[in-house]
$ cat target28.pdb   # PDB, C-alpha atoms and all ligand atoms
ATOM      1  CA  MET N 514     -49.457 -21.345 -73.254
ATOM      2  CA  LYS N 515     -48.362 -20.562 -69.695
ATOM      3  CA  VAL N 516     -51.342 -19.802 -67.440
ATOM      4  CA  LEU N 517     -50.941 -18.341 -63.958
ATOM      5  CA  ILE N 518     -53.674 -19.473 -61.581
ATOM      6  CA  THR N 519     -53.850 -18.055 -58.081
ATOM      7  CA  GLY N 520     -55.854 -18.859 -54.940
ATOM      8  CA  PHE N 521     -56.040 -17.267 -51.499
ATOM      9  CA  GLU N 522     -55.197 -18.437 -48.017
ATOM     10  CA  PRO N 523     -58.114 -18.875 -45.568
ATOM     11  CA  PHE N 524     -59.433 -15.676 -43.956
ATOM     12  CA  GLY N 525     -62.148 -14.440 -41.617
ATOM     13  CA  GLU N 526     -64.358 -17.185 -40.189
ATOM     14  CA  SER N 527     -63.153 -19.773 -42.707
ATOM     15  CA  SER N 528     -60.471 -22.299 -41.811
ATOM     16  CA  LEU N 529     -60.022 -23.292 -45.433
ATOM     17  CA  ASN N 530     -60.342 -21.609 -48.780
ATOM     18  CA  PRO N 531     -61.628 -23.578 -51.795
ATOM     19  CA  SER N 532     -59.583 -21.340 -54.107
ATOM     20  CA  GLN N 533     -56.397 -22.519 -52.379
ATOM     21  CA  ILE N 534     -57.488 -26.172 -52.543
ATOM     22  CA  LEU N 535     -58.433 -25.866 -56.231
ATOM     23  CA  VAL N 536     -55.151 -24.224 -57.221
ATOM     24  CA  GLU N 537     -52.918 -26.460 -55.110
ATOM     25  CA  GLY N 538     -54.648 -29.569 -56.441
ATOM     26  CA  ALA N 539     -54.525 -28.551 -60.114
ATOM     27  CA  PRO N 540     -52.318 -30.619 -62.448
ATOM     28  CA  ALA N 541     -49.169 -28.987 -63.824
ATOM     29  CA  ALA N 542     -50.487 -29.229 -67.386
ATOM     30  CA  PHE N 543     -53.819 -29.415 -69.243
ATOM     31  CA  PRO N 544     -54.681 -30.426 -72.842
ATOM     32  CA  ASN N 545     -53.843 -28.081 -75.744
ATOM     33  CA  GLY N 546     -50.409 -27.242 -74.377
ATOM     34  CA  ILE N 547     -51.582 -25.418 -71.257
ATOM     35  CA  GLU N 548     -48.834 -25.227 -68.667
ATOM     36  CA  ILE N 549     -49.907 -24.158 -65.173
ATOM     37  CA  ILE N 550     -48.085 -21.806 -62.841
ATOM     38  CA  LYS N 551     -49.544 -21.504 -59.350
ATOM     39  CA  ALA N 552     -49.419 -18.962 -56.557
ATOM     40  CA  ILE N 553     -51.272 -18.859 -53.245
ATOM     41  CA  LEU N 554     -51.737 -15.277 -52.107
ATOM     42  CA  PRO N 555     -51.859 -14.022 -48.508
ATOM     43  CA  VAL N 556     -55.118 -12.252 -47.555
ATOM     44  CA  GLU N 557     -53.123  -9.160 -46.594
ATOM     45  CA  ARG N 558     -53.307  -5.653 -47.993
ATOM     46  CA  ALA N 559     -49.589  -5.388 -48.803
ATOM     47  CA  ALA N 560     -48.380  -8.991 -49.053
ATOM     48  CA  GLY N 561     -51.250 -10.195 -51.315
ATOM     49  CA  PRO N 562     -50.571  -7.808 -54.237
ATOM     50  CA  GLU N 563     -46.804  -8.218 -53.752
ATOM     51  CA  ALA N 564     -47.085 -12.003 -54.170
ATOM     52  CA  LEU N 565     -49.223 -11.564 -57.297
ATOM     53  CA  ILE N 566     -46.849  -9.068 -58.923
ATOM     54  CA  ASP N 567     -43.891 -11.235 -58.029
ATOM     55  CA  ALA N 568     -45.513 -14.204 -59.828
ATOM     56  CA  LEU N 569     -46.399 -12.065 -62.874
ATOM     57  CA  LEU N 570     -42.868 -10.675 -63.181
ATOM     58  CA  ARG N 571     -41.118 -13.967 -62.521
ATOM     59  CA  HIS N 572     -43.195 -16.148 -64.862
ATOM     60  CA  GLN N 573     -44.454 -13.698 -67.538
ATOM     61  CA  PRO N 574     -47.594 -15.827 -68.083
ATOM     62  CA  ASP N 575     -49.624 -15.804 -71.306
ATOM     63  CA  ALA N 576     -52.871 -15.659 -69.294
ATOM     64  CA  ALA N 577     -53.894 -15.284 -65.644
ATOM     65  CA  ILE N 578     -56.964 -16.371 -63.713
ATOM     66  CA  CYS N 579     -57.161 -15.388 -60.040
ATOM     67  CA  PHE N 580     -59.601 -17.315 -57.855
ATOM     68  CA  GLY N 581     -61.103 -16.371 -54.493
ATOM     69  CA  LEU N 582     -63.869 -17.397 -52.145
ATOM     70  CA  ALA N 583     -67.170 -15.513 -51.952
ATOM     71  CA  VAL N 584     -68.942 -16.855 -48.860
ATOM     72  CA  GLY N 585     -72.696 -16.816 -49.465
ATOM     73  CA  ARG N 586     -72.616 -16.872 -53.277
ATOM     74  CA  PRO N 587     -74.394 -19.949 -54.603
ATOM     75  CA  VAL N 588     -72.659 -20.274 -57.998
ATOM     76  CA  ILE N 589     -69.294 -19.633 -59.656
ATOM     77  CA  SER N 590     -69.107 -15.873 -60.280
ATOM     78  CA  LEU N 591     -67.200 -14.711 -63.351
ATOM     79  CA  GLU N 592     -66.255 -11.182 -62.338
ATOM     80  CA  ARG N 593     -66.679  -8.505 -64.984
ATOM     81  CA  VAL N 594     -65.158  -5.464 -63.301
ATOM     82  CA  ALA N 595     -62.444  -4.516 -60.803
ATOM     83  CA  VAL N 596     -62.931  -1.153 -59.056
ATOM     84  CA  ASN N 597     -60.289   1.211 -57.696
ATOM     85  CA  LEU N 598     -61.581   0.976 -54.125
ATOM     86  CA  LEU N 599     -60.464  -0.617 -50.894
ATOM     87  CA  ASP N 600     -63.247  -0.788 -48.334
ATOM     88  CA  TYR N 601     -62.615  -3.819 -46.145
ATOM     89  CA  ARG N 602     -65.629  -5.067 -44.198
ATOM     90  CA  ILE N 603     -63.389  -7.263 -42.016
ATOM     91  CA  ALA N 604     -59.718  -7.006 -41.068
ATOM     92  CA  ASP N 605     -57.256  -8.762 -43.338
ATOM     93  CA  ASN N 606     -55.041 -11.576 -42.005
ATOM     94  CA  ALA N 607     -52.483  -8.987 -40.809
ATOM     95  CA  GLY N 608     -55.207  -7.259 -38.748
ATOM     96  CA  GLU N 609     -55.436  -4.289 -41.106
ATOM     97  CA  THR N 610     -58.660  -2.613 -42.178
ATOM     98  CA  VAL N 611     -59.006   0.150 -44.726
ATOM     99  CA  GLN N 612     -61.984   2.270 -45.711
ATOM    100  CA  ASP N 613     -62.594   4.401 -48.774
ATOM    101  CA  GLN N 614     -59.084   4.288 -50.217
ATOM    102  CA  PRO N 615     -58.028   3.668 -53.829
ATOM    103  CA  VAL N 616     -56.137   0.503 -54.785
ATOM    104  CA  ALA N 617     -53.848   2.678 -56.936
ATOM    105  CA  ALA N 618     -53.827   6.446 -56.332
ATOM    106  CA  GLU N 619     -53.186   7.253 -60.008
ATOM    107  CA  GLY N 620     -55.215   4.395 -61.443
ATOM    108  CA  PRO N 621     -58.457   4.582 -63.453
ATOM    109  CA  PRO N 622     -61.764   4.043 -61.597
ATOM    110  CA  ALA N 623     -62.168   0.495 -62.946
ATOM    111  CA  TYR N 624     -60.918  -2.195 -65.298
ATOM    112  CA  PHE N 625     -63.009  -4.739 -67.174
ATOM    113  CA  SER N 626     -61.995  -8.385 -67.093
ATOM    114  CA  ARG N 627     -59.956  -9.527 -70.066
ATOM    115  CA  LEU N 628     -61.157 -13.125 -69.809
ATOM    116  CA  PRO N 629     -63.590 -14.554 -72.412
ATOM    117  CA  LEU N 630     -66.410 -14.401 -69.860
ATOM    118  CA  THR N 631     -69.355 -15.258 -72.090
ATOM    119  CA  ALA N 632     -67.508 -18.292 -73.476
ATOM    120  CA  MET N 633     -66.600 -19.304 -69.925
ATOM    121  CA  LEU N 634     -70.202 -18.966 -68.781
ATOM    122  CA  ALA N 635     -71.427 -21.067 -71.704
ATOM    123  CA  ALA N 636     -68.743 -23.723 -71.108
ATOM    124  CA  LEU N 637     -69.692 -24.067 -67.438
ATOM    125  CA  GLN N 638     -73.457 -24.010 -67.908
ATOM    126  CA  SER N 639     -73.418 -26.459 -70.815
ATOM    127  CA  ASN N 640     -71.537 -28.857 -68.549
ATOM    128  CA  SER N 641     -74.184 -28.428 -65.826
ATOM    129  CA  ILE N 642     -71.994 -26.288 -63.577
ATOM    130  CA  PRO N 643     -73.920 -23.356 -62.074
ATOM    131  CA  ALA N 644     -72.273 -20.027 -62.915
ATOM    132  CA  GLU N 645     -73.083 -16.369 -63.441
ATOM    133  CA  LEU N 646     -71.551 -13.150 -64.680
ATOM    134  CA  SER N 647     -71.025 -10.847 -61.689
ATOM    135  CA  LEU N 648     -70.811  -7.068 -61.603
ATOM    136  CA  THR N 649     -68.995  -6.816 -58.303
ATOM    137  CA  ALA N 650     -65.979  -8.546 -56.815
ATOM    138  CA  GLY N 651     -66.554  -6.535 -53.602
ATOM    139  CA  ALA N 652     -64.073  -4.077 -52.078
ATOM    140  CA  TYR N 653     -61.869  -6.489 -50.134
ATOM    141  CA  LEU N 654     -58.771  -8.475 -51.124
ATOM    142  CA  CYS N 655     -60.333 -10.212 -54.133
ATOM    143  CA  ASN N 656     -61.249  -6.949 -55.834
ATOM    144  CA  GLN N 657     -57.849  -5.540 -54.820
ATOM    145  CA  ILE N 658     -56.030  -8.460 -56.444
ATOM    146  CA  PHE N 659     -58.246  -8.277 -59.542
ATOM    147  CA  TYR N 660     -57.570  -4.524 -59.856
ATOM    148  CA  THR N 661     -53.841  -4.992 -59.161
ATOM    149  CA  LEU N 662     -53.672  -7.676 -61.872
ATOM    150  CA  MET N 663     -55.328  -5.515 -64.500
ATOM    151  CA  HIS N 664     -53.403  -2.379 -63.487
ATOM    152  CA  HIS N 665     -50.053  -4.180 -63.616
ATOM    153  CA  LEU N 666     -50.781  -5.662 -67.060
ATOM    154  CA  ALA N 667     -51.951  -2.281 -68.402
ATOM    155  CA  ALA N 668     -48.845  -0.547 -67.031
ATOM    156  CA  HIS N 669     -46.607  -3.148 -68.687
ATOM    157  CA  GLN N 670     -48.592  -3.192 -71.975
ATOM    158  CA  ARG N 671     -49.223  -6.898 -71.526
ATOM    159  CA  ASP N 672     -52.274  -7.661 -73.625
ATOM    160  CA  ILE N 673     -53.172 -11.101 -72.233
ATOM    161  CA  PRO N 674     -56.400 -12.766 -71.066
ATOM    162  CA  ALA N 675     -56.669 -12.047 -67.344
ATOM    163  CA  GLY N 676     -59.332 -11.710 -64.693
ATOM    164  CA  PHE N 677     -60.963 -12.967 -61.554
ATOM    165  CA  VAL N 678     -63.368 -15.772 -60.642
ATOM    166  CA  HIS N 679     -65.169 -16.042 -57.296
ATOM    167  CA  LEU N 680     -66.010 -19.505 -55.953
ATOM    168  CA  PRO N 681     -68.793 -20.495 -53.532
ATOM    169  CA  ALA N 682     -67.921 -21.982 -50.147
ATOM    170  CA  CYS N 683     -67.403 -25.749 -50.117
ATOM    171  CA  PRO N 684     -69.430 -28.147 -47.930
ATOM    172  CA  GLU N 685     -66.369 -28.945 -45.778
ATOM    173  CA  GLN N 686     -66.164 -25.342 -44.575
ATOM    174  CA  ALA N 687     -69.902 -24.691 -44.439
ATOM    175  CA  ALA N 688     -70.213 -27.500 -41.899
ATOM    176  CA  HIS N 689     -68.269 -25.299 -39.454
ATOM    177  CA  PHE N 690     -70.328 -22.149 -39.934
ATOM    178  CA  ASN N 691     -73.176 -21.532 -37.528
ATOM    179  CA  LYS N 692     -75.522 -20.427 -40.293
ATOM    180  CA  PRO N 693     -76.701 -22.152 -43.479
ATOM    181  CA  LEU N 694     -74.456 -21.433 -46.465
ATOM    182  CA  PRO N 695     -74.827 -22.195 -50.173
ATOM    183  CA  THR N 696     -71.987 -24.488 -51.236
ATOM    184  CA  MET N 697     -70.387 -26.100 -54.261
ATOM    185  CA  SER N 698     -68.384 -29.314 -54.005
ATOM    186  CA  LEU N 699     -64.656 -29.337 -54.626
ATOM    187  CA  ASP N 700     -65.311 -32.060 -57.243
ATOM    188  CA  LEU N 701     -67.446 -29.664 -59.242
ATOM    189  CA  LEU N 702     -64.839 -26.897 -58.915
ATOM    190  CA  GLU N 703     -62.209 -29.337 -60.195
ATOM    191  CA  LYS N 704     -64.449 -30.087 -63.169
ATOM    192  CA  ALA N 705     -64.872 -26.348 -63.818
ATOM    193  CA  LEU N 706     -61.151 -25.539 -63.997
ATOM    194  CA  PRO N 707     -60.297 -27.297 -67.311
ATOM    195  CA  LEU N 708     -63.474 -25.866 -68.871
ATOM    196  CA  LEU N 709     -62.353 -22.347 -67.947
ATOM    197  CA  LEU N 710     -58.832 -23.009 -69.219
ATOM    198  CA  GLU N 711     -60.087 -24.415 -72.541
ATOM    199  CA  THR N 712     -61.753 -21.100 -73.372
ATOM    200  CA  LEU N 713     -58.315 -19.433 -73.346
ATOM    201  CA  GLY N 714     -57.492 -21.220 -76.579
ATOM    202  CA  GLY N 715     -54.263 -23.022 -75.604
TER     203      GLY N 715
HETATM  204  N1  LIG Y 801     -62.056 -14.010 -50.770
HETATM  205  C1  LIG Y 801     -61.965 -12.653 -50.277
HETATM  206  C2  LIG Y 801     -60.507 -12.386 -50.126
HETATM  207  C3  LIG Y 801     -59.838 -13.714 -50.168
HETATM  208  C4  LIG Y 801     -60.859 -14.636 -50.688
HETATM  209  O1  LIG Y 801     -60.672 -15.824 -50.993
HETATM  210  C5  LIG Y 801     -62.747 -11.651 -51.123
HETATM  211  O2  LIG Y 801     -63.769 -12.032 -51.720
HETATM  212  O3  LIG Y 801     -62.367 -10.486 -51.192
END

$ encode --input "target28.pdb" --output "structure tokens"
Amino acid sequence: MKVLITGFEPFGESSLNPSQILVEGAPAAFPNGIEIIKAILPVERAAGPEALIDALLRHQPDAAICFGLAVGRPVISLERVAVNLLDYRIADNAGETVQDQPVAAEGPPAYFSRLPLTAMLAALQSNSIPAELSLTAGAYLCNQIFYTLMHHLAAHQRDIPAGFVHLPACPEQAAHFNKPLPTMSLDLLEKALPLLLETLGG
């Protein structure tokens, strides 16, 4: 089974992004025949979705998990729903902001995740990794990528497990913020990745 995992470049006040570190550091293969394909996406309104679609078309993965950073969230957030809304609270890395626009003009209002979220939650929690199911991925690049992923797969009738997972900040970046931030270590994130992948069945 070929699994696409994506992370994001740093953005906003952060000089690093744990999703990028997690994806770049992941092994090329996991047990049960899981082969990993990686992409790091720009935090840019046009270039981010383009890079994702390029990876989906080029590799035709059997599953896809996109990861991003949610500064301020204390636990791993398994996102349930992507909404058809762009409402950036800060400029993207190309300096662009957008308010109250759809991700896809003709798209449905929302898509549910197609990842086995309850199995993922159980796998993380039973291995003492704090996690939650989340009802919002926001209205910035992470939600946009999540929506773009689901919309692309629906348009191409690709019925594969796919969705989005938000990660807390890591201690290395929190040390450079001038306010206290909840964090999760990169070690724990590295432990979480194979547990998430195992739920896909291999
Ligand atoms: N987090 C942002 C975009 C990139 C990232 O890692 C978000 O939550 O939308």

$ residues_around --input "target28.pdb" --residues "Val594 (chain N)" --least-positions-apart "5" --cutoff "12 Å" --atoms "only C-alpha atoms" --output "list in words"
Pro622, Ala623, Tyr624, Phe625, Ser626, Arg627, Leu628, Leu630, Leu646, Ser647, Leu648, Thr649, Ala650, Gly651, Ala652, Cys655, Asn656, Gln657, Ile658, Phe659, Tyr660, Leu662, Met663, Ala675, Gly676, Phe677 and Val678 of chain N

$ resolve_selection --input "target28.pdb" --expression "the PyMOL selection byres (((chain N and resi 517) around 8) and not hetatm)" --output "list in words"
Lys515, Val516, Ile518, Thr519, Ile549, Ile550, Lys551, Ala552, Ala568, Leu569, Pro574, Asp575, Ala576, Ala577, Ile578 and Cys579 of chain N

$ closest_residue --input "target28.pdb" --among "N:Ala635, N:Val556, N:Leu701, N:Leu599" --to "ligand LIG 801 (chain Y)" --atoms "all atoms listed in the file"
N:Val556

$ closest_residue --input "target28.pdb" --among "N:Glu645, N:Glu609, N:Glu537, N:Glu548" --to "Glu522 (chain N)" --atoms "only C-alpha atoms"
N:Glu537

$ resolve_selection --input "target28.pdb" --expression "the PyMOL selection byres (((chain N and resi 557) around 6) and not hetatm)" --output "ChimeraX atom specification"
/N:555-556,558-561,605-607

$ residues_around --input "target28.pdb" --residues "Arg586 (chain N)" --least-positions-apart "5" --cutoff "8 Å" --atoms "all atoms listed in the file" --output "VMD selection string"
chain N and resid 680 to 682 695 to 696

$ axis_aligned_box --input "target28.pdb" --around "ligand LIG 801 (chain Y)" --padding-each-side "4 Å" --output "JSON"
{"center_x": -61.8, "center_y": -13.2, "center_z": -50.9, "size_x": 11.9, "size_y": 13.3, "size_z": 9.6}

$ resolve_selection --input "target28.pdb" --expression "the PyMOL selection byres (((chain N and resi 582) around 7) and not hetatm)" --output "tab-separated table (two decimals) with C-alpha atoms, in the frame of the given file"
chain	number	residue	atom	x	y	z
N	530	ASN	CA	-60.34	-21.61	-48.78
N	531	PRO	CA	-61.63	-23.58	-51.80
N	532	SER	CA	-59.58	-21.34	-54.11
N	581	GLY	CA	-61.10	-16.37	-54.49
N	583	ALA	CA	-67.17	-15.51	-51.95
N	584	VAL	CA	-68.94	-16.86	-48.86
N	679	HIS	CA	-65.17	-16.04	-57.30
N	680	LEU	CA	-66.01	-19.50	-55.95
N	681	PRO	CA	-68.79	-20.50	-53.53
N	682	ALA	CA	-67.92	-21.98	-50.15

$ residues_near_point --input "target28.pdb" --point "(-72.3, -19.0, -65.4)" --cutoff "12 Å" --atoms "only C-alpha atoms" --output "number ranges by chain"
N: 587-593, 630-647, 678-680, 705, 708-709

$ residues_around --input "target28.pdb" --residues "Pro621 (chain N)" --least-positions-apart "2" --cutoff "9 Å" --atoms "all atoms listed in the file" --output "list in words"
Val596, Asn597, Ala617, Ala618, Glu619, Ala623, Tyr624 and His664 of chain N

$ write_last_selection --input "target28.pdb" --atoms "C-alpha atoms" --output "short mmCIF file (atom, residue, chain, number, x, y, z; two decimals), in the frame of the given file"
data_model
loop_
_atom_site.label_atom_id
_atom_site.label_comp_id
_atom_site.auth_asym_id
_atom_site.auth_seq_id
_atom_site.Cartn_x
_atom_site.Cartn_y
_atom_site.Cartn_z
CA VAL N 596 -62.93 -1.15 -59.06
CA ASN N 597 -60.29 1.21 -57.70
CA ALA N 617 -53.85 2.68 -56.94
CA ALA N 618 -53.83 6.45 -56.33
CA GLU N 619 -53.19 7.25 -60.01
CA ALA N 623 -62.17 0.50 -62.95
CA TYR N 624 -60.92 -2.19 -65.30
CA HIS N 664 -53.40 -2.38 -63.49
#

$ atom_distance --input "target28.pdb" --atom1 "CA of Thr661 (chain N)" --atom2 "CA of Ala564 (chain N)"
10.9 Å

$ build_atoms --input "target28.pdb" --residues "region 566-589 of chain N" --atoms "N, CA, C and O atoms" --output "CSV table (one decimal), keeping the file's coordinate frame"
chain,number,residue,atom,x,y,z
N,566,ILE,N,-47.8,-9.8,-58.0
N,566,ILE,CA,-46.8,-9.1,-58.9
N,566,ILE,C,-45.5,-9.8,-59.1
N,566,ILE,O,-45.0,-10.0,-60.2
N,567,ASP,N,-45.1,-10.4,-58.0
N,567,ASP,CA,-43.9,-11.2,-58.0
N,567,ASP,C,-44.1,-12.4,-59.0
N,567,ASP,O,-43.2,-12.7,-59.9
N,568,ALA,N,-45.2,-13.1,-58.9
N,568,ALA,CA,-45.5,-14.2,-59.8
N,568,ALA,C,-45.6,-13.7,-61.3
N,568,ALA,O,-45.1,-14.4,-62.2
N,569,LEU,N,-46.3,-12.6,-61.5
N,569,LEU,CA,-46.4,-12.1,-62.9
N,569,LEU,C,-45.0,-11.7,-63.5
N,569,LEU,O,-44.8,-12.0,-64.6
N,570,LEU,N,-44.2,-11.1,-62.7
N,570,LEU,CA,-42.9,-10.7,-63.2
N,570,LEU,C,-42.0,-11.9,-63.4
N,570,LEU,O,-41.2,-12.0,-64.4
N,571,ARG,N,-42.0,-12.8,-62.4
N,571,ARG,CA,-41.1,-14.0,-62.5
N,571,ARG,C,-41.5,-14.9,-63.7
N,571,ARG,O,-40.6,-15.4,-64.4
N,572,HIS,N,-42.8,-15.1,-63.9
N,572,HIS,CA,-43.2,-16.1,-64.9
N,572,HIS,C,-43.7,-15.6,-66.2
N,572,HIS,O,-43.8,-16.3,-67.2
N,573,GLN,N,-44.0,-14.3,-66.3
N,573,GLN,CA,-44.5,-13.7,-67.5
N,573,GLN,C,-45.5,-14.6,-68.2
N,573,GLN,O,-45.3,-15.1,-69.3
N,574,PRO,N,-46.6,-14.9,-67.5
N,574,PRO,CA,-47.6,-15.8,-68.1
N,574,PRO,C,-48.3,-15.3,-69.3
N,574,PRO,O,-48.3,-14.1,-69.6
N,575,ASP,N,-48.9,-16.2,-70.1
N,575,ASP,CA,-49.6,-15.8,-71.3
N,575,ASP,C,-51.1,-15.5,-71.0
N,575,ASP,O,-51.9,-15.1,-71.8
N,576,ALA,N,-51.5,-15.9,-69.8
N,576,ALA,CA,-52.9,-15.7,-69.3
N,576,ALA,C,-52.9,-15.8,-67.8
N,576,ALA,O,-52.0,-16.4,-67.2
N,577,ALA,N,-53.8,-15.2,-67.1
N,577,ALA,CA,-53.9,-15.3,-65.6
N,577,ALA,C,-55.3,-15.3,-65.2
N,577,ALA,O,-56.2,-14.5,-65.6
N,578,ILE,N,-55.6,-16.3,-64.4
N,578,ILE,CA,-57.0,-16.4,-63.7
N,578,ILE,C,-56.7,-16.4,-62.2
N,578,ILE,O,-56.1,-17.3,-61.7
N,579,CYS,N,-57.2,-15.4,-61.5
N,579,CYS,CA,-57.2,-15.4,-60.0
N,579,CYS,C,-58.5,-15.9,-59.5
N,579,CYS,O,-59.6,-15.5,-60.0
N,580,PHE,N,-58.4,-16.8,-58.5
N,580,PHE,CA,-59.6,-17.3,-57.9
N,580,PHE,C,-59.7,-16.9,-56.4
N,580,PHE,O,-58.6,-16.7,-55.7
N,581,GLY,N,-60.9,-16.7,-55.9
N,581,GLY,CA,-61.1,-16.4,-54.5
N,581,GLY,C,-62.4,-16.9,-54.0
N,581,GLY,O,-63.3,-17.3,-54.9
N,582,LEU,N,-62.6,-16.9,-52.8
N,582,LEU,CA,-63.9,-17.4,-52.1
N,582,LEU,C,-64.9,-16.2,-51.9
N,582,LEU,O,-64.5,-15.2,-51.4
N,583,ALA,N,-66.1,-16.5,-52.3
N,583,ALA,CA,-67.2,-15.5,-52.0
N,583,ALA,C,-68.2,-16.3,-51.1
N,583,ALA,O,-69.1,-16.9,-51.6
N,584,VAL,N,-68.0,-16.2,-49.8
N,584,VAL,CA,-68.9,-16.9,-48.9
N,584,VAL,C,-70.4,-16.3,-49.1
N,584,VAL,O,-70.6,-15.1,-49.1
N,585,GLY,N,-71.3,-17.2,-49.3
N,585,GLY,CA,-72.7,-16.8,-49.5
N,585,GLY,C,-73.1,-16.8,-50.9
N,585,GLY,O,-74.3,-16.8,-51.2
N,586,ARG,N,-72.2,-16.8,-51.9
N,586,ARG,CA,-72.6,-16.9,-53.3
N,586,ARG,C,-72.9,-18.3,-53.6
N,586,ARG,O,-72.1,-19.2,-53.3
N,587,PRO,N,-74.0,-18.6,-54.3
N,587,PRO,CA,-74.4,-19.9,-54.6
N,587,PRO,C,-73.8,-20.6,-55.8
N,587,PRO,O,-73.8,-21.8,-56.0
N,588,VAL,N,-73.2,-19.7,-56.7
N,588,VAL,CA,-72.7,-20.3,-58.0
N,588,VAL,C,-71.3,-19.7,-58.3
N,588,VAL,O,-70.9,-18.7,-57.6
N,589,ILE,N,-70.6,-20.2,-59.2
N,589,ILE,CA,-69.3,-19.6,-59.7
N,589,ILE,C,-69.6,-18.3,-60.3
N,589,ILE,O,-70.4,-18.1,-61.2
